[in-house]
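Colleague: Sharing a structure, written as structure tokens. Questions coming.
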Amino acid sequence: MNRRFLYIAAGLIWGIPGVMITLKGIRAYGTMPDYELWWLILITLGVLAAFLWMFNRIVRRYCDLIAKEPEKTTILHTFPVKGWILVVCMSCLGIVLKFIPCIPDEFIASFYCGLGPALVWSGLCFCSRSIKEK
């Protein structure tokens, strides 16, 4: 595989779960009464800002690592070992949260609507880097 494909693969690995998480958060927002929305939106914006800040640093670091790879490499070089551990742990945490029935909808709505768009943005950043790759 060439480096352009590594950027696209990274974008899909981050972006697709981001879309799924965002949709789940939006569905949870649909169950909230109107009087609760203002403070949930504030929490969502805080979560979004925190994850955008954190993921921006991670994306930049991973893009720099991909750029250093030889032109032909394997998909395993998309992320360093710590990156793959992060992807697996976040996936497992998402699966666990899905099956815990006592998680309130307020948490799902605000957390997922903050995390999901940050993941989608990160995926788009990876994919845009593939366009810049020569």
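Each chain of the structure tokens is named A, B, ... in the order shown, its residues numbered from 1; ligands are numbered from 1 in display order.
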DSSP on the backbone: which residues in stretch 19-99 of chain A end up as alpha helix (DSSP H)? Give the answer as a count of residues only.

Modeller: 60

Colleague: List the spatial neighbours of A:Thr44 as a PDB file with all heavy atoms, in the first residue's frame - criterion: any atom at most 7 Å away, only C-alpha atoms, same-chain residues fewer than 4 positions off excluded.

Modeller:
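Written out: selection.pdb:
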ATOM      1  N   LEU A  40     -27.223  20.920  28.397  1.00  0.00           N
ATOM      2  CA  LEU A  40     -26.635  19.788  27.680  1.00  0.00           C
ATOM      3  C   LEU A  40     -25.819  20.262  26.481  1.00  0.00           C
ATOM      4  O   LEU A  40     -24.761  19.704  26.180  1.00  0.00           O
ATOM      5  CB  LEU A  40     -27.728  18.822  27.213  1.00  0.00           C
ATOM      6  CG  LEU A  40     -28.379  17.978  28.296  1.00  0.00           C
ATOM      7  CD1 LEU A  40     -29.510  17.145  27.711  1.00  0.00           C
ATOM      8  CD2 LEU A  40     -27.363  17.100  28.984  1.00  0.00           C
ATOM      9  N   LEU A  48     -16.750  18.591  23.014  1.00  0.00           N
ATOM     10  CA  LEU A  48     -16.255  18.747  21.644  1.00  0.00           C
ATOM     11  C   LEU A  48     -14.927  19.497  21.627  1.00  0.00           C
ATOM     12  O   LEU A  48     -13.977  19.065  20.966  1.00  0.00           O
ATOM     13  CB  LEU A  48     -17.295  19.480  20.795  1.00  0.00           C
ATOM     14  CG  LEU A  48     -16.901  19.782  19.350  1.00  0.00           C
ATOM     15  CD1 LEU A  48     -16.675  18.500  18.572  1.00  0.00           C
ATOM     16  CD2 LEU A  48     -17.958  20.643  18.690  1.00  0.00           C
ATOM     17  N   SER A 110     -24.915  14.330  25.444  1.00  0.00           N
ATOM     18  CA  SER A 110     -23.869  15.355  25.494  1.00  0.00           C
ATOM     19  C   SER A 110     -22.490  14.791  25.163  1.00  0.00           C
ATOM     20  O   SER A 110     -21.720  15.410  24.418  1.00  0.00           O
ATOM     21  CB  SER A 110     -23.854  16.034  26.863  1.00  0.00           C
ATOM     22  OG  SER A 110     -23.630  15.095  27.888  1.00  0.00           O
ATOM     23  N   PHE A 111     -22.151  13.616  25.661  1.00  0.00           N
ATOM     24  CA  PHE A 111     -20.824  13.057  25.429  1.00  0.00           C
ATOM     25  C   PHE A 111     -20.666  12.597  23.982  1.00  0.00           C
ATOM     26  O   PHE A 111     -19.671  12.908  23.325  1.00  0.00           O
ATOM     27  CB  PHE A 111     -20.562  11.896  26.397  1.00  0.00           C
ATOM     28  CG  PHE A 111     -19.172  11.342  26.309  1.00  0.00           C
ATOM     29  CD1 PHE A 111     -18.105  12.035  26.836  1.00  0.00           C
ATOM     30  CD2 PHE A 111     -18.930  10.135  25.688  1.00  0.00           C
ATOM     31  CE1 PHE A 111     -16.812  11.540  26.752  1.00  0.00           C
ATOM     32  CE2 PHE A 111     -17.651   9.622  25.597  1.00  0.00           C
ATOM     33  CZ  PHE A 111     -16.588  10.325  26.148  1.00  0.00           C
ATOM     34  N   CYS A 113     -22.408  13.482  21.307  1.00  0.00           N
ATOM     35  CA  CYS A 113     -22.461  14.587  20.341  1.00  0.00           C
ATOM     36  C   CYS A 113     -21.217  15.469  20.419  1.00  0.00           C
ATOM     37  O   CYS A 113     -20.996  16.292  19.540  1.00  0.00           O
ATOM     38  CB  CYS A 113     -23.720  15.428  20.555  1.00  0.00           C
ATOM     39  SG  CYS A 113     -25.187  14.645  19.868  1.00  0.00           S
ATOM     40  N   GLY A 114     -20.409  15.316  21.430  1.00  0.00           N
ATOM     41  CA  GLY A 114     -19.115  15.984  21.479  1.00  0.00           C
ATOM     42  C   GLY A 114     -18.017  15.120  20.895  1.00  0.00           C
ATOM     43  O   GLY A 114     -17.188  15.591  20.108  1.00  0.00           O
TER      44      GLY A 114
END

Colleague: Write out, as CSV, each residue of stretch 3-63 of chain A that has an atom at most 7 Å from stretch 70-86 of chain A, together with the closest pair of atoms and their distance in Å to one decimal, counting only C-alpha atoms, rows going by chain and rising number.

Modeller:
residue,atom,partner,partner_atom,distance
A:Arg3,CA,A:Glu71,CA,5.9
A:Leu6,CA,A:Thr78,CA,5.4
A:Ala10,CA,A:Thr78,CA,6.3
A:Tyr62,CA,A:Phe79,CA,6.2

Colleague: Generate a file of the selected residues that holds all heavy atoms, formatted as a compact mmCIF listing (two decimals), in the first residue's frame.

Modeller:
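So the final result, stored in out_39.txt, reads:
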# COMPACT_ATOMS: atom_id res chain seq x y z
N ARG A 3 1.34 5.48 0.83
CA ARG A 3 1.02 6.34 1.97
C ARG A 3 -0.36 6.97 1.83
O ARG A 3 -1.04 7.18 2.84
CB ARG A 3 2.09 7.41 2.12
CG ARG A 3 3.37 6.89 2.72
CD ARG A 3 4.29 8.02 3.10
NE ARG A 3 4.66 8.85 1.97
CZ ARG A 3 5.78 8.72 1.28
NH1 ARG A 3 6.64 7.78 1.62
NH2 ARG A 3 6.05 9.52 0.28
N LEU A 6 -2.80 4.82 3.39
CA LEU A 6 -2.70 4.82 4.85
C LEU A 6 -3.47 5.99 5.45
O LEU A 6 -4.14 5.85 6.47
CB LEU A 6 -1.24 4.86 5.29
CG LEU A 6 -0.39 3.63 5.02
CD1 LEU A 6 1.03 3.84 5.54
CD2 LEU A 6 -0.99 2.38 5.62
N ALA A 10 -6.71 5.54 7.84
CA ALA A 10 -6.79 6.19 9.15
C ALA A 10 -8.04 7.05 9.25
O ALA A 10 -8.73 7.06 10.27
CB ALA A 10 -5.53 7.04 9.39
N TYR A 62 0.31 11.38 14.06
CA TYR A 62 0.17 10.18 13.24
C TYR A 62 0.43 10.49 11.76
O TYR A 62 1.01 9.67 11.06
CB TYR A 62 -1.20 9.55 13.41
CG TYR A 62 -1.44 8.91 14.76
CD1 TYR A 62 -2.66 8.41 15.10
CD2 TYR A 62 -0.43 8.84 15.72
CE1 TYR A 62 -2.89 7.84 16.35
CE2 TYR A 62 -0.66 8.29 16.96
CZ TYR A 62 -1.89 7.78 17.27
OH TYR A 62 -2.11 7.22 18.49

Colleague: Given only C-alpha atoms, how would the per-residue table for stretch 47-133 of chain A near stretch 20-36 of chain A read, listing every residue at most 10 Å away with its closest atom pair and distance in Å to one decimal, sorted by chain and number, as CSV?

Modeller:
residue,atom,partner,partner_atom,distance
A:Gly94,CA,A:Ile21,CA,8.8
A:Pro104,CA,A:Ala28,CA,9.4
A:Asp105,CA,A:Ala28,CA,5.7
A:Glu106,CA,A:Met32,CA,7.4
A:Phe107,CA,A:Ala28,CA,8.9
A:Ile108,CA,A:Gly25,CA,5.7
A:Ala109,CA,A:Gly25,CA,4.3
A:Ser110,CA,A:Gly25,CA,6.9
A:Phe111,CA,A:Gly25,CA,7.4
A:Tyr112,CA,A:Gly25,CA,4.8
A:Cys113,CA,A:Gly25,CA,4.9
A:Gly114,CA,A:Thr22,CA,7.8
A:Leu115,CA,A:Ile21,CA,7.4
A:Gly116,CA,A:Thr22,CA,4.4
A:Pro117,CA,A:Thr22,CA,6.3
A:Ala118,CA,A:Thr22,CA,9.4
A:Leu119,CA,A:Ile21,CA,8.9
A:Val120,CA,A:Thr22,CA,8.8

Colleague: Could you give me, as a ChimeraX atom specification, the residues within 12 Å of A:Ser122, counting only C-alpha atoms and dropping anything in the same chain fewer than 4 positions from it?

Modeller: /A:7-8,10-19,48,51-63,115-118,126-129

Colleague: With C-alpha atoms retained, could you export that selection as a short mmCIF file (atom, residue, chain, number, x, y, z; two decimals), in the first residue's frame?

Modeller:
data_model
loop_
_atom_site.label_atom_id
_atom_site.label_comp_id
_atom_site.auth_asym_id
_atom_site.auth_seq_id
_atom_site.Cartn_x
_atom_site.Cartn_y
_atom_site.Cartn_z
CA TYR A 7 -4.12 8.31 5.31
CA ILE A 8 -7.48 7.23 3.89
CA ALA A 10 -6.79 6.19 9.15
CA GLY A 11 -9.55 8.58 8.15
CA LEU A 12 -12.04 5.75 7.83
CA ILE A 13 -10.93 4.12 11.09
CA TRP A 14 -11.63 7.40 12.91
CA GLY A 15 -14.46 8.83 10.80
CA ILE A 16 -16.89 5.93 10.52
CA PRO A 17 -17.20 5.40 14.30
CA GLY A 18 -17.51 9.17 14.62
CA VAL A 19 -20.58 9.19 12.39
CA LEU A 48 -16.25 18.75 21.64
CA PHE A 51 -11.68 16.15 22.06
CA LEU A 52 -10.85 18.45 19.14
CA TRP A 53 -7.85 19.75 21.05
CA MET A 54 -6.71 16.23 21.96
CA PHE A 55 -7.38 14.62 18.58
CA ASN A 56 -5.75 17.47 16.65
CA ARG A 57 -2.45 16.71 18.36
CA ILE A 58 -2.85 12.96 17.76
CA VAL A 59 -3.76 13.38 14.08
CA ARG A 60 -0.79 15.66 13.47
CA ARG A 61 1.56 13.17 15.15
CA TYR A 62 0.17 10.18 13.24
CA CYS A 63 0.28 12.04 9.91
CA LEU A 115 -16.97 12.93 20.76
CA GLY A 116 -18.55 11.95 17.43
CA PRO A 117 -17.97 15.18 15.49
CA ALA A 118 -14.40 15.34 16.84
CA PHE A 126 -6.44 12.29 7.72
CA CYS A 127 -8.24 12.08 4.36
CA SER A 128 -7.31 15.64 3.42
CA ARG A 129 -3.69 14.78 4.09
#

Colleague: State, in Å with one decimal place, the distance from atom CA of A:Ile41 to atom CA of A:Trp121.

Modeller: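 Spanning atom CA of A:Ile41 to atom CA of A:Trp121 is a straight-line distance of 18.7 Å.
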
Colleague: So what do you get for atom CA of A:Trp38 versus atom CA of A:Ala50, distance-wise?

Modeller: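 Between atom CA of A:Trp38 and atom CA of A:Ala50 the gap works out to 18.7 Å.
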